[in-house]
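Enquirer: Data file target17.pdb (PDB, C-alpha atoms) is appended below.
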ATOM      1  CA  MET A   6      71.492  93.280  93.116  1.00  0.00           C
ATOM      2  CA  SER A   7      68.826  90.592  93.421  1.00  0.00           C
ATOM      3  CA  ASP A   8      69.131  86.902  92.648  1.00  0.00           C
ATOM      4  CA  ASN A   9      67.313  87.578  89.358  1.00  0.00           C
ATOM      5  CA  TYR A  10      70.536  89.100  88.015  1.00  0.00           C
ATOM      6  CA  LEU A  11      72.748  86.276  89.202  1.00  0.00           C
ATOM      7  CA  ASP A  12      73.425  83.092  87.287  1.00  0.00           C
ATOM      8  CA  GLU A  13      73.992  80.679  90.170  1.00  0.00           C
ATOM      9  CA  ASP A  14      74.483  77.661  87.893  1.00  0.00           C
ATOM     10  CA  GLU A  15      77.207  79.371  85.870  1.00  0.00           C
ATOM     11  CA  PHE A  16      78.941  80.609  89.012  1.00  0.00           C
ATOM     12  CA  ARG A  17      78.862  77.136  90.595  1.00  0.00           C
ATOM     13  CA  ARG A  18      80.158  75.507  87.409  1.00  0.00           C
ATOM     14  CA  TRP A  19      83.182  77.797  87.225  1.00  0.00           C
ATOM     15  CA  ILE A  20      83.917  77.859  90.961  1.00  0.00           C
ATOM     16  CA  LYS A  21      83.857  74.063  91.038  1.00  0.00           C
ATOM     17  CA  ASN A  22      86.457  74.040  88.269  1.00  0.00           C
ATOM     18  CA  ALA A  23      88.522  76.587  90.226  1.00  0.00           C
ATOM     19  CA  LYS A  24      88.502  74.384  93.325  1.00  0.00           C
ATOM     20  CA  ARG A  25      89.308  71.209  91.382  1.00  0.00           C
ATOM     21  CA  THR A  26      92.172  72.924  89.588  1.00  0.00           C
ATOM     22  CA  LEU A  27      93.544  74.124  92.926  1.00  0.00           C
ATOM     23  CA  GLU A  28      93.416  70.542  94.236  1.00  0.00           C
ATOM     24  CA  SER A  29      95.361  69.476  91.143  1.00  0.00           C
ATOM     25  CA  ALA A  30      97.935  72.206  91.871  1.00  0.00           C
ATOM     26  CA  LYS A  31      98.361  70.832  95.390  1.00  0.00           C
ATOM     27  CA  SER A  32      98.831  67.343  93.989  1.00  0.00           C
ATOM     28  CA  ASP A  33     101.478  68.609  91.568  1.00  0.00           C
ATOM     29  CA  GLN A  34     103.219  70.404  94.412  1.00  0.00           C
ATOM     30  CA  SER A  35     103.293  67.178  96.448  1.00  0.00           C
ATOM     31  CA  ALA A  36     104.840  65.392  93.475  1.00  0.00           C
ATOM     32  CA  GLU A  37     107.380  68.244  93.115  1.00  0.00           C
ATOM     33  CA  PHE A  38     106.045  69.409  89.744  1.00  0.00           C
ATOM     34  CA  ASN A  39     106.415  72.964  90.975  1.00  0.00           C
ATOM     35  CA  ASN A  40     106.068  74.720  87.629  1.00  0.00           C
ATOM     36  CA  TRP A  41     102.749  72.958  87.021  1.00  0.00           C
ATOM     37  CA  ALA A  42     101.580  73.692  90.559  1.00  0.00           C
ATOM     38  CA  CYS A  43     102.281  77.390  89.968  1.00  0.00           C
ATOM     39  CA  PHE A  44     100.500  77.392  86.609  1.00  0.00           C
ATOM     40  CA  LYS A  45      97.477  75.557  87.995  1.00  0.00           C
ATOM     41  CA  ALA A  46      97.296  77.949  90.943  1.00  0.00           C
ATOM     42  CA  GLN A  47      97.130  80.801  88.429  1.00  0.00           C
ATOM     43  CA  GLN A  48      94.462  78.920  86.483  1.00  0.00           C
ATOM     44  CA  SER A  49      92.377  78.221  89.574  1.00  0.00           C
ATOM     45  CA  ALA A  50      92.325  81.929  90.438  1.00  0.00           C
ATOM     46  CA  GLU A  51      91.422  82.735  86.826  1.00  0.00           C
ATOM     47  CA  PHE A  52      88.508  80.298  86.909  1.00  0.00           C
ATOM     48  CA  ALA A  53      87.292  81.800  90.199  1.00  0.00           C
ATOM     49  CA  LEU A  54      87.372  85.348  88.854  1.00  0.00           C
ATOM     50  CA  LYS A  55      85.603  84.207  85.706  1.00  0.00           C
ATOM     51  CA  ALA A  56      83.015  82.437  87.882  1.00  0.00           C
ATOM     52  CA  PHE A  57      82.138  85.762  89.456  1.00  0.00           C
ATOM     53  CA  MET A  58      82.146  87.620  86.168  1.00  0.00           C
ATOM     54  CA  ARG A  59      80.053  85.063  84.311  1.00  0.00           C
ATOM     55  CA  GLY A  60      77.736  84.655  87.265  1.00  0.00           C
ATOM     56  CA  THR A  61      77.042  88.386  87.208  1.00  0.00           C
ATOM     57  CA  GLY A  62      76.648  88.558  83.427  1.00  0.00           C
ATOM     58  CA  GLN A  63      79.984  90.236  82.721  1.00  0.00           C
ATOM     59  CA  PRO A  64      82.199  89.235  79.797  1.00  0.00           C
ATOM     60  CA  SER A  65      85.255  87.270  80.908  1.00  0.00           C
ATOM     61  CA  PHE A  66      87.877  87.115  78.219  1.00  0.00           C
ATOM     62  CA  GLY A  67      91.627  87.016  78.526  1.00  0.00           C
ATOM     63  CA  HIS A  68      93.967  85.735  81.185  1.00  0.00           C
ATOM     64  CA  SER A  69      95.038  88.814  83.159  1.00  0.00           C
ATOM     65  CA  LEU A  70      93.954  88.145  86.717  1.00  0.00           C
ATOM     66  CA  SER A  71      94.806  91.660  87.802  1.00  0.00           C
ATOM     67  CA  ALA A  72      92.632  93.176  85.053  1.00  0.00           C
ATOM     68  CA  MET A  73      89.728  90.918  86.033  1.00  0.00           C
ATOM     69  CA  ALA A  74      90.159  91.664  89.744  1.00  0.00           C
ATOM     70  CA  GLN A  75      90.195  95.369  88.976  1.00  0.00           C
ATOM     71  CA  GLN A  76      87.068  95.070  86.786  1.00  0.00           C
ATOM     72  CA  ILE A  77      85.260  93.266  89.611  1.00  0.00           C
ATOM     73  CA  GLY A  78      86.316  95.974  92.056  1.00  0.00           C
ATOM     74  CA  PHE A  79      88.645  93.996  94.272  1.00  0.00           C
ATOM     75  CA  PRO A  80      90.669  96.010  96.771  1.00  0.00           C
ATOM     76  CA  ARG A  81      94.264  96.914  95.971  1.00  0.00           C
ATOM     77  CA  GLU A  82      95.756  94.048  98.032  1.00  0.00           C
ATOM     78  CA  PHE A  83      93.888  91.473  95.932  1.00  0.00           C
ATOM     79  CA  ILE A  84      94.855  93.201  92.695  1.00  0.00           C
ATOM     80  CA  GLU A  85      98.485  93.003  93.830  1.00  0.00           C
ATOM     81  CA  MET A  86      98.074  89.281  94.607  1.00  0.00           C
ATOM     82  CA  ALA A  87      96.505  88.782  91.189  1.00  0.00           C
ATOM     83  CA  LYS A  88      99.460  90.561  89.575  1.00  0.00           C
ATOM     84  CA  SER A  89     101.839  88.165  91.290  1.00  0.00           C
ATOM     85  CA  LEU A  90      99.929  85.203  89.815  1.00  0.00           C
ATOM     86  CA  ASP A  91      99.786  86.806  86.350  1.00  0.00           C
ATOM     87  CA  LYS A  92     103.519  86.105  86.081  1.00  0.00           C
ATOM     88  CA  TYR A  93     102.928  82.342  86.159  1.00  0.00           C
ATOM     89  CA  TYR A  94     100.677  82.066  83.112  1.00  0.00           C
ATOM     90  CA  ILE A  95     103.295  81.607  80.361  1.00  0.00           C
ATOM     91  CA  PRO A  96     106.813  80.913  81.700  1.00  0.00           C
ATOM     92  CA  THR A  97     105.706  77.933  83.782  1.00  0.00           C
ATOM     93  CA  ARG A  98     104.832  76.030  80.602  1.00  0.00           C
ATOM     94  CA  TYR A  99     107.021  77.114  77.706  1.00  0.00           C
ATOM     95  CA  THR A 100     110.602  75.928  77.370  1.00  0.00           C
ATOM     96  CA  ASP A 101     111.550  78.733  74.968  1.00  0.00           C
ATOM     97  CA  VAL A 102     110.886  81.364  77.639  1.00  0.00           C
ATOM     98  CA  TRP A 103     114.065  80.264  79.389  1.00  0.00           C
ATOM     99  CA  PRO A 104     117.652  80.592  78.077  1.00  0.00           C
ATOM    100  CA  GLU A 105     118.408  76.975  79.032  1.00  0.00           C
ATOM    101  CA  GLY A 106     116.802  74.035  80.762  1.00  0.00           C
ATOM    102  CA  ILE A 107     113.076  73.518  81.100  1.00  0.00           C
ATOM    103  CA  PRO A 108     110.447  75.411  83.128  1.00  0.00           C
ATOM    104  CA  ASP A 109     110.636  72.836  85.921  1.00  0.00           C
ATOM    105  CA  ASP A 110     114.242  73.949  86.565  1.00  0.00           C
ATOM    106  CA  TYR A 111     113.101  77.448  87.567  1.00  0.00           C
ATOM    107  CA  TYR A 112     110.311  76.866  90.106  1.00  0.00           C
ATOM    108  CA  THR A 113     110.646  75.827  93.720  1.00  0.00           C
ATOM    109  CA  ARG A 114     108.490  74.313  96.426  1.00  0.00           C
ATOM    110  CA  VAL A 115     108.229  77.792  97.963  1.00  0.00           C
ATOM    111  CA  ASP A 116     106.955  79.207  94.660  1.00  0.00           C
ATOM    112  CA  ALA A 117     104.307  76.493  94.534  1.00  0.00           C
ATOM    113  CA  GLU A 118     103.283  77.043  98.173  1.00  0.00           C
ATOM    114  CA  ASN A 119     103.016  80.812  97.688  1.00  0.00           C
ATOM    115  CA  THR A 120     100.994  80.649  94.479  1.00  0.00           C
ATOM    116  CA  ILE A 121      98.619  78.081  95.972  1.00  0.00           C
ATOM    117  CA  GLN A 122      98.118  80.254  99.051  1.00  0.00           C
ATOM    118  CA  ILE A 123      97.391  83.320  96.903  1.00  0.00           C
ATOM    119  CA  ALA A 124      94.976  81.364  94.704  1.00  0.00           C
ATOM    120  CA  GLU A 125      93.142  80.137  97.820  1.00  0.00           C
ATOM    121  CA  SER A 126      92.806  83.723  99.043  1.00  0.00           C
ATOM    122  CA  ILE A 127      91.401  84.867  95.708  1.00  0.00           C
ATOM    123  CA  ILE A 128      88.949  81.953  95.539  1.00  0.00           C
ATOM    124  CA  ASP A 129      87.808  82.659  99.102  1.00  0.00           C
ATOM    125  CA  GLU A 130      87.286  86.347  98.304  1.00  0.00           C
ATOM    126  CA  VAL A 131      85.321  85.535  95.146  1.00  0.00           C
ATOM    127  CA  ILE A 132      83.027  83.218  97.126  1.00  0.00           C
ATOM    128  CA  ARG A 133      82.638  85.822  99.878  1.00  0.00           C
ATOM    129  CA  ARG A 134      81.692  88.487  97.323  1.00  0.00           C
ATOM    130  CA  TRP A 135      79.278  86.140  95.561  1.00  0.00           C
ATOM    131  CA  ASN A 136      77.539  85.258  98.829  1.00  0.00           C
ATOM    132  CA  SER A 137      77.349  88.950  99.684  1.00  0.00           C
ATOM    133  CA  LEU A 138      75.661  89.679  96.333  1.00  0.00           C
ATOM    134  CA  LYS A 139      73.152  86.912  96.938  1.00  0.00           C
ATOM    135  CA  LYS A 140      72.155  88.519 100.251  1.00  0.00           C
ATOM    136  CA  GLU A 141      71.433  91.892  98.635  1.00  0.00           C
TER     137      GLU A 141
END
Would you write the structure of this file as structure tokens?
Expert:
Amino acid sequence: MSDNYLDEDEFRRWIKNAKRTLESAKSDQSAEFNNWACFKAQQSAEFALKAFMRGTGQPSFGHSLSAMAQQIGFPREFIEMAKSLDKYYIPTRYTDVWPEGIPDDYYTRVDAENTIQIAESIIDEVIRRWNSLKKE
């Protein structure tokens, strides 16, 4: 694929948002807002996957990271990581998902650390794949 088929500006716009959202997740983790750190980690990975899709002219609707990773052609290990982040899209934010308490009661520092690490891996892989496409 040549650069003529790649929308560098759109990719950069979305990947910048992915990185900024990941920084926000790290800030929330430091402040012990673990549910929000987990949600923002999921969001940062979503923005990265959408950066790749939009940059290559693919539609990017929905919120299933695993479906997007599969559509892009990520290897199984990344699809599995995406599936683990998919679980943080709704319950991290909505009180009525839980039988009692609030979402913050159900997420730990370890959850936040793990989701941030996974999101970083997905972002790194998206950037690696994008750079590889640009070289073709």
Enquirer: What is the CA of Gly60 in chain A to CA of Gln122 in chain A distance in Å?
Expert: 24.0 Å
Enquirer: Can you work out which one of A:Lys88, A:Arg133, A:Lys31, A:Lys139 has the shortest atom-to-atom distance to Cys43 in chain A, counting only C-alpha atoms?
Expert: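 Between A:Lys88, A:Arg133, A:Lys31, A:Lys139, the residue approaching Cys43 in chain A most closely is A:Lys31.
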Enquirer: Suppose a student applies the PyMOL selection byres ((chain A and resi 90) around 8) to this structure; what residues should they get, written as a ChimeraX atom specification?
Expert: /A:46-47,70,86-89,91-94,120,123-124
Enquirer: Quick one: distance from CA of Leu54 in chain A to CA of Pro108 in chain A in Å, one decimal?
Expert: 25.8 Å
Enquirer: Using all atoms listed in the file, find the one residue out of A:Ile77, A:Ala42, A:Ile84, A:Leu138 that sits nearest to Leu27 in chain A.
Expert: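 Looking only at the distances to Leu27 in chain A, the closest residue turns out to be A:Ala42.
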Enquirer: What is the distance, in Å and to one decimal place, between CA of Asp12 in chain A and CA of Pro64 in chain A?
Expert: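 Spanning CA of Asp12 in chain A to CA of Pro64 in chain A is a straight-line distance of 13.1 Å.
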Enquirer: Using all atoms listed in the file, which residues sit within 9 Å of Thr61 in chain A once same-chain residues fewer than 6 positions away are excluded, as a VMD selection string?
Expert: chain A and resid 10 to 13 16 135
Enquirer: Tell me which protein, DNA and RNA residues are within 12 Å of Tyr111 in chain A, counting only C-alpha atoms, leaving out same-chain ones fewer than 3 positions away, and put them as a PDB file with C-alpha atoms, keeping the file's coordinate frame.
Expert:
ATOM      1  CA  PHE A  38     106.045  69.409  89.744  1.00  0.00           C
ATOM      2  CA  ASN A  39     106.415  72.964  90.975  1.00  0.00           C
ATOM      3  CA  ASN A  40     106.068  74.720  87.629  1.00  0.00           C
ATOM      4  CA  TRP A  41     102.749  72.958  87.021  1.00  0.00           C
ATOM      5  CA  CYS A  43     102.281  77.390  89.968  1.00  0.00           C
ATOM      6  CA  TYR A  93     102.928  82.342  86.159  1.00  0.00           C
ATOM      7  CA  PRO A  96     106.813  80.913  81.700  1.00  0.00           C
ATOM      8  CA  THR A  97     105.706  77.933  83.782  1.00  0.00           C
ATOM      9  CA  ARG A  98     104.832  76.030  80.602  1.00  0.00           C
ATOM     10  CA  TYR A  99     107.021  77.114  77.706  1.00  0.00           C
ATOM     11  CA  THR A 100     110.602  75.928  77.370  1.00  0.00           C
ATOM     12  CA  VAL A 102     110.886  81.364  77.639  1.00  0.00           C
ATOM     13  CA  TRP A 103     114.065  80.264  79.389  1.00  0.00           C
ATOM     14  CA  PRO A 104     117.652  80.592  78.077  1.00  0.00           C
ATOM     15  CA  GLU A 105     118.408  76.975  79.032  1.00  0.00           C
ATOM     16  CA  GLY A 106     116.802  74.035  80.762  1.00  0.00           C
ATOM     17  CA  ILE A 107     113.076  73.518  81.100  1.00  0.00           C
ATOM     18  CA  PRO A 108     110.447  75.411  83.128  1.00  0.00           C
ATOM     19  CA  ARG A 114     108.490  74.313  96.426  1.00  0.00           C
ATOM     20  CA  VAL A 115     108.229  77.792  97.963  1.00  0.00           C
ATOM     21  CA  ASP A 116     106.955  79.207  94.660  1.00  0.00           C
ATOM     22  CA  ALA A 117     104.307  76.493  94.534  1.00  0.00           C
TER      23      ALA A 117
END
Enquirer: Where does the PyMOL selection byres ((chain A and resi 20) around 10) land in this file, that is, which residues does it pick, as a PyMOL selection string?
Expert: chain A and resi 14-19+21-26+49-57+60+128+131-132
Enquirer: Enclose range 31-38 of chain A, meaning all of its atoms listed in the file, in a box aligned along x, y and z, pad it by 6 Å on each side, and list the centre and edge lengths in Å to one decimal, as AutoDock Vina command-line options.
Expert:
--center_x 102.9 --center_y 68.1 --center_z 93.1 --size_x 21.0 --size_y 17.4 --size_z 18.7
Enquirer: Do you know which residues are at most 9 Å from Glu130 in chain A counting only C-alpha atoms, after dropping those on the same chain fewer than 5 positions away, and could you put them as JSON, numbers by chain?
Expert: {"A": [79, 83, 125, 135]}
